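These notes concern the structure reproduced below.
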Number of protein chains: 4
Amino acid sequence: MTGSTPSAFSCTYRVLYGDTDAGGVVYNANFLRLFEIARTELMRARVCSYRDIEQQGLIMPVTECFTRFKAPAFYDDLLTLEASIAELTRYTCRFTYRVTRLDPGRLKPTLLVKGYTIHATVTREGKLVRIPESLYARLQPLVTASKKVP
Amino acid sequence: MTGSTPSAFSCTYRVLYGDTDAGGVVYNANFLRLFEIARTELMRARVCSYRDIEQQGLIMPVTECFTRFKAPAFYDDLLTLEASIAELTRYTCRFTYRVTRLDPGRLKPTLLVKGYTIHATVTREGKLVRIPESLYARLQPLVTASKKVP
Amino acid sequence: MTGSTPSAFSCTYRVLYGDTDAGGVVYNANFLRLFEIARTELMRARVCSYRDIEQQGLIMPVTECFTRFKAPAFYDDLLTLEASIAELTRYTCRFTYRVTRLDPGRLKPTLLVKGYTIHATVTREGKLVRIPESLYARLQPLVTASKKVP
Amino acid sequence: MTGSTPSAFSCTYRVLYGDTDAGGVVYNANFLRLFEIARTELMRARVCSYRDIEQQGLIMPVTECFTRFKAPAFYDDLLTLEASIAELTRYTCRFTYRVTRLDPGRLKPTLLVKGYTIHATVTREGKLVRIPESLYARLQPLVTASKKVP
């Protein structure tokens with residue numbers, strides 16, 4: 001999942017005081033917010049805005065998520081958020097994420113956090129439905145051969 | 001606004017790691033969450049649950065809020081959240097709040113934060129409406145003669 | 001992991017507006033806050049407060065977390081948060097969690113979310129260290145034979 | 001406080017699901033996070049990064065804040081965050097904020113929220129101190145003749 005793969009996507013995020021905790025590092029729950037940012041911007045850039053999906057009367061809630069914390073992120077860090085689509089079925093979609101930071105004197109970015117989220121397509125009433133054909137057709141080419149996270 | 005006033009209300013809150021920031025103290029924005037807890041529990045205990053108001057098709061969004069930070073709150077502190085109703089008009093309601101902590105060796109609780117929020121009654125479509133008569137009748141006896149915050 | 005197991009622990013949590021999102025349900029990241037509440041109160045009740053661990057110069061950051069979302073939680077829901085210790089090594093400790101809600105007309109609580117977090121013991125400088133003997137001795141009796149989450 | 005004033009500053013922010021609440025709008029507390037973003041970026045662009053201030057052993061906590069909510073912000077909105085410095089004393093600094101959105105078919109941005117925060121300079125031990133001369137000298141030219149918020 002590097003910048004050169006057409007199916008990967010990355011954006012940056014500046015850590016706020018409000019993201020950190022008394023341990024001096026970004027609080028664990030807040031990485032799920034960062035995953036949302038990366039996923040939303042990947043969708044907007046390559047598929048459609050999540051708002052468009054909602055306007056078809058569908059939502060795509062997280063049904064499962066996994067996060068591995070390798071190294072802490074600190075206040076004011078400029079993080080790189082990467083997202084890609086690792087798996088797609090008729091009912092679910094799995095996104096994978098990497099949060100990295102470019103540290104002085106290092107050639108490669110430091111991996112801080114990686115993880116995945118699985119999403120299902122449900123109606124506003126909560127009924128599980130197949131991913132609409134038009135959406136599936138746009139998601140499918142983005143599926144990467146990336147290694148699974150755990 | 002003491003425990004002896006029938007119109008005042010208090011509950012306790014234990015500070016999470018997730019409430020604090022890298023300064024080692026509760027992040028400023030999180031006190032508005034604490035205000036929500038105090039206001040909601042005051043309403044539930046003395047008026048009706050906010051969910052009941054919503055079921056009448058009304059919402060009571062914050063239109064204005066003010067907070068003064070006197071002393072920091074730390075991780076694992078057991079805070080006392082106080083709320084009371086300081087002002088009521090046909091369209092708006094003003095709640096005041098105090099967040100205190102009982103410190104060892106002190107007779108009186110230490111005041112950490114005080115503030116207020118003003119709420120309007122609006123329909124789901126966003127139209128400003130009068131507070132319904134039945135709700136007004138239950139809020140009115142709770143209005144305290146408490147001093148204004150700022 | 002039921003209320004009758006001596007090693008399990010549960011407490012309640014009332015859902016705030018600030019916990020929910022525009023989908024009308026508790027936002028996924030906020031369940032990690034609920035996990036923190038359950039873990040902290042389990043520790044306080046059965047082991048020692050996390051603040052005490054910190055005062056020994058140690059922190060126990062999350063190194064991995066997993067969450068499965070089975071059903072949504074709504075505004076003002078009174079949730080039950082359960083935590084137990086599922087695994088303990090000389091360096092790490094795995095907590096498991098269940099978030100449930102007692103729904104009207106149902107005999108058993110509805111399972112909303114389950115998950116786990118793994119924690120390592122590190123010094124303030126970030127060095128991985130063994131769990132101190134005295135802490136290990138108090139954690140060990142709490143390890144349940146609970147089934148693994150995924 | 002427009003883009004043409006040298007002392008004003010603006011940046012954009014995309015609303016996350018995690019910023020909204022069950023009312024379908026950005027939760028009130030989260031606007032204080034947006035104020036932090038605007039303030040931090042104003043400081044970085046015109047004065048110095050807040051991290052630099054911290055490295056001098058100083059922090060600038062919020063001692064007072066005020067927010068007026070004029071209109072709601074929704075999921076996926078692209079907001080403009082404006083910050084400026086409205087008042088500077090030897091011990092405190094007052095920032096003012098405006099959050100706006102450019103709506104289709106309107107010439108001027110819609111004002112959603114405005115507010116202010118007051119900050120004091122304190123040492124890590126919590127002692128109030130004068131703003132260091134070098135910092136004061138860089139803040140002073142940014143003070144605008146902007147109208148007070150309330």
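Here's how to read the names in the structure tokens: chain A, B, ... by the order shown, residue numbers from 1 in each chain, ligand numbers from 1 in the order shown.
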
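Here is the contact set of chain B against chain D, at 6 Å and counting only C-alpha atoms: Ala29, Leu32, Thr63, Glu64, Cys65, Phe66, Thr67, Arg68 and Phe69 of chain B.
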
Return as an MDAnalysis selection string the full set of residues in chain A whose backbone-based DSSP assignment is strand (DSSP E).
chainID A and resid 9:14 58:59 62:69 78:88 92:101 110:120 122:123

Rounded to one decimal place, report the CA of Gly57 in chain C-CA of Leu135 in chain C distance in Å.
13.2 Å

Within chain B, find each residue whose DSSP state, derived from the backbone, is helix (DSSP H, G or I), and express the selection as a ChimeraX atom specification.
/B:17-19,30-46,50-55,133-142

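Proximity of B:Thr20, B:Thr89, B:Gln55, B:Thr80 to Leu139 in chain B, computed with only C-alpha atoms, is greatest for B:Thr89.
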